[in-house]
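Asks: See target.json below, with JSON, C-alpha atoms.
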```
[["chain", "number", "residue", "atom", "x", "y", "z"],
["R", 1, "MET", "CA", -29.10, -278.66, -131.53],
["R", 2, "PHE", "CA", -29.97, -278.99, -135.21],
["R", 3, "GLY", "CA", -27.83, -277.13, -137.73],
["R", 4, "ASP", "CA", -25.01, -274.63, -137.30],
["R", 5, "THR", "CA", -25.61, -271.44, -135.29],
["R", 6, "ARG", "CA", -23.34, -269.57, -137.71],
["R", 7, "ILE", "CA", -25.77, -270.34, -140.55],
["R", 8, "PHE", "CA", -29.13, -271.65, -139.34],
["R", 9, "ALA", "CA", -29.96, -273.74, -136.30],
["R", 10, "ILE", "CA", -32.68, -274.71, -133.84],
["R", 11, "LYS", "CA", -32.10, -275.72, -130.25],
["R", 12, "TYR", "CA", -34.80, -276.91, -127.89],
["R", 13, "ASP", "CA", -35.18, -278.70, -124.59],
["R", 14, "PHE", "CA", -38.25, -279.93, -122.75],
["R", 15, "THR", "CA", -38.51, -278.39, -119.28],
["R", 16, "LYS", "CA", -40.87, -278.64, -116.33],
["R", 17, "ASN", "CA", -44.20, -276.95, -116.97],
["R", 18, "PRO", "CA", -44.63, -274.16, -114.37],
["R", 19, "PHE", "CA", -48.41, -274.00, -114.78],
["R", 20, "ASN", "CA", -51.25, -276.29, -113.85],
["R", 21, "GLU", "CA", -51.87, -277.39, -117.43],
["R", 22, "LYS", "CA", -53.00, -280.81, -118.54],
["R", 23, "GLY", "CA", -52.54, -283.10, -121.52],
["R", 24, "LEU", "CA", -50.13, -283.00, -124.43],
["R", 25, "LEU", "CA", -50.04, -279.20, -124.35],
["R", 26, "ALA", "CA", -48.55, -279.29, -120.86],
["R", 27, "GLU", "CA", -46.04, -281.99, -121.76],
["R", 28, "SER", "CA", -44.75, -279.92, -124.71],
["R", 29, "TRP", "CA", -43.43, -277.15, -122.47],
["R", 30, "GLY", "CA", -39.82, -276.28, -123.21],
["R", 31, "LYS", "CA", -37.13, -273.81, -124.23],
["R", 32, "PHE", "CA", -36.54, -272.86, -127.86],
["R", 33, "GLU", "CA", -33.80, -271.00, -129.74],
["R", 34, "LEU", "CA", -33.70, -269.96, -133.39],
["R", 35, "TRP", "CA", -30.23, -269.09, -134.70],
["R", 36, "VAL", "CA", -29.72, -267.26, -138.00],
["R", 37, "ASN", "CA", -26.20, -266.30, -139.06],
["R", 38, "GLY", "CA", -25.00, -266.08, -135.46],
["R", 39, "LYS", "CA", -28.07, -264.26, -134.11],
["R", 40, "GLU", "CA", -30.50, -265.90, -131.67],
["R", 41, "LEU", "CA", -33.82, -264.31, -132.60],
["R", 42, "CYS", "CA", -36.10, -265.61, -129.85],
["R", 43, "LYS", "CA", -34.08, -264.47, -126.84],
["R", 44, "PHE", "CA", -35.52, -261.40, -125.15],
["R", 45, "SER", "CA", -34.97, -259.22, -122.12],
["R", 46, "ARG", "CA", -37.68, -258.68, -119.53],
["R", 47, "ASN", "CA", -37.02, -255.92, -117.01],
["R", 48, "ASN", "CA", -33.36, -256.00, -118.11],
["R", 49, "GLN", "CA", -33.05, -259.74, -117.47],
["R", 50, "ASP", "CA", -32.10, -261.93, -120.45],
["R", 51, "THR", "CA", -34.59, -264.74, -121.04],
["R", 52, "THR", "CA", -34.60, -267.78, -123.31],
["R", 53, "TYR", "CA", -37.95, -268.28, -125.02],
["R", 54, "GLU", "CA", -39.97, -270.90, -123.13],
["R", 55, "TRP", "CA", -43.55, -271.97, -123.85],
["R", 56, "ASN", "CA", -45.76, -274.82, -125.06],
["R", 57, "LEU", "CA", -43.63, -275.80, -128.06],
["R", 58, "ILE", "CA", -46.44, -277.78, -129.62],
["R", 59, "HIS", "CA", -47.74, -274.47, -131.03],
["R", 60, "LEU", "CA", -44.51, -273.84, -132.96],
["R", 61, "VAL", "CA", -44.22, -277.39, -134.25],
["R", 62, "GLU", "CA", -47.83, -277.36, -135.41],
["R", 63, "TRP", "CA", -47.35, -274.05, -137.25],
["R", 64, "LEU", "CA", -44.03, -275.06, -138.81],
["R", 65, "SER", "CA", -45.26, -278.42, -140.06],
["R", 66, "GLU", "CA", -48.44, -276.90, -141.49],
["R", 67, "ASN", "CA", -46.79, -273.97, -143.25],
["R", 68, "LEU", "CA", -43.39, -275.32, -144.29],
["R", 69, "PRO", "CA", -44.72, -276.50, -147.70],
["R", 70, "THR", "CA", -46.01, -272.97, -148.41],
["R", 71, "ILE", "CA", -42.77, -271.32, -147.29],
["R", 72, "LEU", "CA", -40.75, -273.60, -149.57],
["R", 73, "THR", "CA", -42.91, -272.75, -152.60],
["R", 74, "ASP", "CA", -42.15, -269.95, -155.05],
["R", 75, "GLU", "CA", -44.98, -267.46, -154.90],
["R", 76, "GLU", "CA", -45.45, -263.76, -155.48],
["R", 77, "PHE", "CA", -46.69, -261.57, -152.67],
["R", 78, "PRO", "CA", -50.48, -261.60, -153.24],
["R", 79, "LEU", "CA", -50.98, -257.82, -153.24],
["R", 80, "PRO", "CA", -49.75, -255.26, -155.84],
["R", 81, "VAL", "CA", -47.36, -253.35, -153.57],
["R", 82, "GLN", "CA", -43.67, -252.53, -153.66],
["R", 83, "GLY", "CA", -41.08, -253.86, -151.23],
["R", 84, "LYS", "CA", -37.88, -255.89, -151.16],
["R", 85, "THR", "CA", -38.58, -257.84, -147.97],
["R", 86, "SER", "CA", -41.58, -259.30, -146.16],
["R", 87, "ILE", "CA", -41.50, -256.42, -143.66],
["R", 88, "GLU", "CA", -41.46, -253.80, -146.43],
["R", 89, "LEU", "CA", -44.25, -255.51, -148.38],
["R", 90, "LEU", "CA", -46.48, -255.70, -145.33],
["R", 91, "ALA", "CA", -45.76, -252.07, -144.43],
["R", 92, "SER", "CA", -46.69, -251.01, -147.97],
["R", 93, "SER", "CA", -49.89, -253.05, -147.71],
["R", 94, "LEU", "CA", -51.01, -250.94, -144.76],
["R", 95, "GLU", "CA", -51.10, -247.84, -146.95],
["R", 96, "PHE", "CA", -54.10, -249.18, -148.88],
["R", 97, "ASP", "CA", -57.42, -247.42, -148.43],
["R", 98, "SER", "CA", -60.80, -247.66, -150.13],
["R", 99, "ASP", "CA", -64.32, -246.33, -149.68],
["R", 100, "ASN", "CA", -65.58, -249.72, -150.82],
["R", 101, "ASP", "CA", -65.95, -251.85, -147.67],
["R", 102, "ASP", "CA", -65.83, -255.17, -149.55],
["R", 103, "GLU", "CA", -62.69, -254.16, -151.41],
["R", 104, "PHE", "CA", -61.08, -252.95, -148.18],
["R", 105, "ASP", "CA", -61.96, -256.16, -146.31],
["R", 106, "GLU", "CA", -60.72, -258.37, -149.15],
["R", 107, "TRP", "CA", -57.39, -256.52, -149.28],
["R", 108, "PHE", "CA", -56.67, -256.92, -145.57],
["R", 109, "SER", "CA", -57.99, -260.47, -145.48],
["R", 110, "THR", "CA", -55.47, -261.35, -148.22],
["R", 111, "LYS", "CA", -52.69, -259.61, -146.29],
["R", 112, "GLN", "CA", -53.60, -261.39, -143.07],
["R", 113, "ASP", "CA", -53.80, -264.79, -144.75],
["R", 114, "TRP", "CA", -50.29, -264.32, -146.12],
["R", 115, "GLU", "CA", -49.02, -263.27, -142.70],
["R", 116, "PHE", "CA", -50.51, -266.35, -141.04],
["R", 117, "LYS", "CA", -48.70, -268.61, -143.53],
["R", 118, "HIS", "CA", -45.33, -266.88, -143.37],
["R", 119, "SER", "CA", -45.00, -265.83, -139.71],
["R", 120, "TRP", "CA", -45.52, -267.98, -136.63],
["R", 121, "PHE", "CA", -46.57, -264.89, -134.64],
["R", 122, "SER", "CA", -50.25, -265.86, -134.74],
["R", 123, "SER", "CA", -49.32, -269.08, -132.89],
["R", 124, "ARG", "CA", -47.59, -267.39, -129.97],
["R", 125, "GLY", "CA", -50.46, -268.32, -127.62],
["R", 126, "GLY", "CA", -49.88, -265.34, -125.30],
["R", 127, "SER", "CA", -46.10, -265.76, -125.13],
["R", 128, "TYR", "CA", -43.36, -263.26, -125.98],
["R", 129, "LEU", "CA", -42.50, -264.85, -129.31],
["R", 130, "SER", "CA", -40.34, -262.93, -131.76],
["R", 131, "GLU", "CA", -42.23, -261.74, -134.85],
["R", 132, "VAL", "CA", -40.32, -263.55, -137.61],
["R", 133, "TYR", "CA", -41.23, -263.98, -141.30],
["R", 134, "PHE", "CA", -40.02, -266.74, -143.61],
["R", 135, "ARG", "CA", -40.15, -266.37, -147.41],
["R", 136, "LYS", "CA", -38.51, -268.29, -150.25],
["R", 137, "ILE", "CA", -36.40, -266.16, -152.58],
["R", 138, "GLY", "CA", -34.80, -268.27, -155.31],
["R", 139, "ASN", "CA", -32.62, -270.89, -153.64],
["R", 140, "GLN", "CA", -32.64, -269.11, -150.30],
["R", 141, "VAL", "CA", -35.10, -268.38, -147.51],
["R", 142, "GLU", "CA", -35.44, -264.78, -146.46],
["R", 143, "ILE", "CA", -35.77, -264.50, -142.68],
["R", 144, "SER", "CA", -36.83, -261.05, -141.49],
["R", 145, "TRP", "CA", -38.11, -259.81, -138.16],
["R", 146, "ASN", "CA", -39.44, -256.69, -136.49],
["R", 147, "ASN", "CA", -40.15, -256.57, -132.76],
["R", 148, "GLU", "CA", -40.21, -252.82, -132.27],
["R", 149, "GLY", "CA", -43.33, -251.86, -130.36],
["R", 150, "VAL", "CA", -44.80, -255.37, -130.46],
["R", 151, "TYR", "CA", -44.85, -255.86, -126.69],
["R", 152, "SER", "CA", -44.78, -253.62, -123.63],
["R", 153, "GLU", "CA", -41.76, -251.47, -122.86],
["R", 154, "GLU", "CA", -40.47, -254.02, -120.33],
["R", 155, "ILE", "CA", -39.87, -256.52, -123.17],
["R", 156, "SER", "CA", -36.98, -255.95, -125.58],
["R", 157, "PHE", "CA", -35.05, -258.08, -128.06],
["R", 158, "PRO", "CA", -31.27, -257.81, -128.64],
["R", 159, "TYR", "CA", -31.99, -258.13, -132.36],
["R", 160, "SER", "CA", -35.17, -256.06, -132.59],
["R", 161, "THR", "CA", -35.21, -255.80, -136.40],
["R", 162, "GLY", "CA", -33.23, -257.51, -139.11],
["R", 163, "LEU", "CA", -32.91, -259.45, -142.32],
["R", 164, "GLU", "CA", -30.88, -262.56, -143.14],
["R", 165, "TYR", "CA", -30.81, -265.23, -145.86],
["R", 166, "VAL", "CA", -30.33, -268.98, -145.41],
["R", 167, "PRO", "CA", -29.77, -271.63, -148.13],
["R", 168, "ILE", "CA", -33.09, -273.36, -148.70],
["R", 169, "HIS", "CA", -31.71, -276.89, -148.33],
["R", 170, "VAL", "CA", -30.24, -275.98, -144.93],
["R", 171, "PHE", "CA", -33.48, -274.35, -143.80],
["R", 172, "GLU", "CA", -35.59, -277.33, -144.85],
["R", 173, "SER", "CA", -33.24, -279.94, -143.38],
["R", 174, "VAL", "CA", -32.94, -278.23, -139.99],
["R", 175, "LEU", "CA", -36.70, -277.73, -139.62],
["R", 176, "LYS", "CA", -37.56, -281.29, -140.61],
["R", 177, "ASP", "CA", -34.92, -282.70, -138.27],
["R", 178, "TYR", "CA", -36.29, -280.57, -135.44],
["R", 179, "ILE", "CA", -39.90, -281.58, -136.07],
["R", 180, "HIS", "CA", -38.96, -285.28, -136.30],
["R", 181, "ASP", "CA", -36.93, -285.17, -133.08],
["R", 182, "PHE", "CA", -39.64, -283.22, -131.26],
["R", 183, "LEU", "CA", -42.25, -285.84, -132.17],
["R", 184, "GLN", "CA", -39.96, -288.73, -131.26],
["R", 185, "THR", "CA", -38.90, -287.27, -127.90],
["R", 186, "LEU", "CA", -42.43, -286.19, -126.96],
["R", 187, "GLY", "CA", -43.69, -289.66, -127.85],
["R", 188, "LEU", "CA", -41.22, -291.28, -125.47],
["R", 189, "LYS", "CA", -42.23, -289.15, -122.51],
["R", 190, "THR", "CA", -45.94, -288.57, -122.98],
["R", 191, "GLU", "CA", -48.68, -290.17, -120.92],
["R", 192, "CYS", "CA", -51.35, -288.86, -123.31],
["R", 193, "ASN", "CA", -50.95, -291.53, -125.96],
["R", 194, "ASP", "CA", -54.26, -291.02, -127.81],
["R", 195, "GLU", "CA", -53.70, -287.27, -128.02],
["R", 196, "TYR", "CA", -50.11, -287.81, -129.12],
["R", 197, "VAL", "CA", -51.05, -290.22, -131.91],
["R", 198, "LYS", "CA", -53.61, -287.76, -133.25],
["R", 199, "PHE", "CA", -51.13, -284.88, -133.16],
["R", 200, "SER", "CA", -48.27, -286.81, -134.73],
["R", 201, "GLU", "CA", -50.50, -288.06, -137.54],
["R", 202, "GLN", "CA", -51.57, -284.48, -138.23],
["R", 203, "VAL", "CA", -47.98, -283.26, -138.33],
["R", 204, "LEU", "CA", -46.66, -286.12, -140.45],
["R", 205, "LYS", "CA", -49.54, -285.78, -142.92],
["R", 206, "VAL", "CA", -48.65, -282.20, -143.81],
["R", 207, "LYS", "CA", -44.88, -282.85, -143.75]]
```
Just give me the structure as structure tokens.
Replies:
Amino acid sequence: MFGDTRIFAIKYDFTKNPFNEKGLLAESWGKFELWVNGKELCKFSRNNQDTTYEWNLIHLVEWLSENLPTILTDEEFPLPVQGKTSIELLASSLEFDSDNDDEFDEWFSTKQDWEFKHSWFSSRGGSYLSEVYFRKIGNQVEISWNNEGVYSEEISFPYSTGLEYVPIHVFESVLKDYIHDFLQTLGLKTECNDEYVKFSEQVLKVK
């Protein structure tokens, strides 16, 4: 566990891979929890059975390490729309329309690029990952999420939508501690040394 569940925390544990996967991807299989002000955002219910998020965690670590510098940077939302949160800004962006195909494509390409850098959802790899957005607001990080209608009716989240704020120094410290521990622990157990060295160098370079 890294951090305090009452404020911001990450908990993970490597578990046995249930699939016939190979390489570092297979070895990164594990459970993951994201706690924000007492709420665990990645837990979901499938057919009324509570489930802890479990997948190839290398996807999350890769996304977090690559995009953390952007999340920690002050930047305006790149499109001229109104909204107080990431969810509201993205919803407003969808109202755009144009008869000019190039203008239309550029608008939604800009929106999508911002989404990729501020939400790990694109790195879910087929899993039931909560759709969470991270955005720096002053000395805090806005954490917002919306899982209504994202998956089939058999999948539900106890916290389907929401908005919380976390002090930026806490957010940064917890994520960096998690990434460092993940790399260290994976390195001790892996049999794919060449693949591990390449991955760790990639992660540490962007950190």
Asks: Report as a PyMOL selection string all protein, DNA and RNA residues lying within 10 Å of Glu62 (chain R), evaluated on only C-alpha atoms, omitting residues in the same chain fewer than 2 positions from it.
Replies: chain R and resi 57-60+64-67+120+123+179+199-200+202-203+206
Asks: Measuring between all atoms listed in the file, which one of R:Gly30, R:Gly149, R:Pro167, R:Gly3 shows the shortest distance to Pro18 (chain R)?
Replies: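 Counting all atoms listed in the file, the residue closest to Pro18 (chain R) is R:Gly30.
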Asks: Give me the residues within 10 Å of Ala26 (chain R) as a list in words, counting all atoms listed in the file and dropping any in the same chain fewer than 5 places off.
Replies: Lys16, Asn17, Pro18, Phe19, Asn20, Glu21, Trp55, Asn56, Leu57, Ile58 and Thr190 of chain R
Asks: So how many Å separate CA of Asp99 (chain R) and CA of Gln112 (chain R), to one decimal?
Replies: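 Computed distance, CA of Asp99 (chain R) to CA of Gln112 (chain R), equals 19.6 Å.
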Asks: Which residues come within 7 Å of region 36-53 of chain R, counting all atoms listed in the file, excluding same-chain residues fewer than 3 positions away, as a CSV table (one decimal) with C-alpha atoms, keeping the file's coordinate frame?
Replies:
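As a result, result_6.csv now contains:
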```csv
chain,number,residue,atom,x,y,z
R,5,THR,CA,-25.6,-271.4,-135.3
R,6,ARG,CA,-23.3,-269.6,-137.7
R,7,ILE,CA,-25.8,-270.3,-140.6
R,8,PHE,CA,-29.1,-271.6,-139.3
R,9,ALA,CA,-30.0,-273.7,-136.3
R,31,LYS,CA,-37.1,-273.8,-124.2
R,32,PHE,CA,-36.5,-272.9,-127.9
R,33,GLU,CA,-33.8,-271.0,-129.7
R,129,LEU,CA,-42.5,-264.8,-129.3
R,130,SER,CA,-40.3,-262.9,-131.8
R,154,GLU,CA,-40.5,-254.0,-120.3
R,155,ILE,CA,-39.9,-256.5,-123.2
R,156,SER,CA,-37.0,-256.0,-125.6
R,157,PHE,CA,-35.0,-258.1,-128.1
R,158,PRO,CA,-31.3,-257.8,-128.6
R,159,TYR,CA,-32.0,-258.1,-132.4
```
Asks: Name the closest residue to Pro69 (chain R) among the candidates R:Glu195, R:Glu172, R:Glu201, R:Glu106; distances are taken between atoms, counting all atoms listed in the file.
Replies: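 Nearest candidate to Pro69 (chain R) out of R:Glu195, R:Glu172, R:Glu201, R:Glu106: R:Glu172.
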Asks: Need to verify the contact set: region 138-140 of chain R, 8 Å, only C-alpha atoms, exclusion of same-chain residues closer than 4 positions in sequence. Can you return it as a ChimeraX atom specification?
Replies: /R:74,165-168
Asks: May I ask for the distance between CA of Asp97 (chain R) and CA of Phe77 (chain R), given in Å to one decimal place?
Replies: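 That distance, rounded to one decimal, is 18.3 Å.
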Asks: Could you tell me which of R:Asp194, R:Glu88, R:Asp13, R:Glu27 comes closest to Thr161 (chain R) if we count only C-alpha atoms?
Replies: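 Of the candidates, the smallest distance to Thr161 (chain R) is held by R:Glu88.
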Asks: Go through R:Asp101, R:Asn147, R:Ile71, R:Phe96 and flag the residue nearest His118 (chain R), using all atoms listed in the file for the distances.
Replies: R:Ile71
Asks: Of the candidates R:Glu164, R:Tyr196, R:Lys11, R:Val150, which shows the shortest atom-to-atom distance to Phe121 (chain R), using all atoms listed in the file?
Replies: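 Looking only at the distances to Phe121 (chain R), the closest residue turns out to be R:Val150.
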Asks: I need the residue nearest Gly23 (chain R) from this list: R:Cys192, R:Thr70, R:Lys176, R:Leu204. Use all atoms listed in the file for the distance.
Replies: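 Residue with the minimum atom-to-atom distance to Gly23 (chain R): R:Cys192.
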Asks: What separation in Å, quoted to one decimal, exists between CA of Glu153 (chain R) and CA of Tyr133 (chain R)?
Replies: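 CA of Glu153 (chain R) sits 22.3 Å away from CA of Tyr133 (chain R).
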Asks: Only N, CA and C atoms needed: put region 187-199 of chain R from the block into a file as a CSV table (one decimal), in the first residue's frame.
Replies:
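The resulting file, out_0.csv, is shown below:
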```csv
chain,number,residue,atom,x,y,z
R,187,GLY,N,11.3,-6.8,-11.3
R,187,GLY,CA,12.7,-7.2,-11.6
R,187,GLY,C,13.2,-8.4,-10.8
R,188,LEU,N,12.8,-8.5,-9.6
R,188,LEU,CA,13.2,-9.6,-8.7
R,188,LEU,C,12.6,-11.0,-9.1
R,189,LYS,N,11.4,-10.9,-9.7
R,189,LYS,CA,10.7,-12.2,-10.0
R,189,LYS,C,10.7,-12.6,-11.5
R,190,THR,N,11.1,-11.6,-12.4
R,190,THR,CA,11.1,-11.9,-13.8
R,190,THR,C,12.1,-12.9,-14.3
R,191,GLU,N,11.7,-13.6,-15.3
R,191,GLU,CA,12.7,-14.5,-16.0
R,191,GLU,C,13.0,-13.9,-17.4
R,192,CYS,N,12.4,-12.8,-17.7
R,192,CYS,CA,12.5,-12.2,-19.0
R,192,CYS,C,13.4,-10.9,-18.8
R,193,ASN,N,14.7,-11.2,-18.6
R,193,ASN,CA,15.6,-10.1,-18.2
R,193,ASN,C,15.8,-9.0,-19.2
R,194,ASP,N,16.0,-9.4,-20.5
R,194,ASP,CA,16.2,-8.5,-21.6
R,194,ASP,C,15.0,-7.6,-21.8
R,195,GLU,N,13.8,-8.2,-21.7
R,195,GLU,CA,12.5,-7.5,-21.9
R,195,GLU,C,12.3,-6.5,-20.7
R,196,TYR,N,12.7,-7.0,-19.5
R,196,TYR,CA,12.5,-6.2,-18.3
R,196,TYR,C,13.5,-4.9,-18.3
R,197,VAL,N,14.7,-5.1,-18.7
R,197,VAL,CA,15.7,-4.0,-18.8
R,197,VAL,C,15.2,-3.0,-19.8
R,198,LYS,N,14.7,-3.4,-20.9
R,198,LYS,CA,14.1,-2.5,-21.9
R,198,LYS,C,13.0,-1.7,-21.4
R,199,PHE,N,12.0,-2.4,-20.7
R,199,PHE,CA,10.9,-1.7,-20.1
R,199,PHE,C,11.2,-0.8,-19.0
```
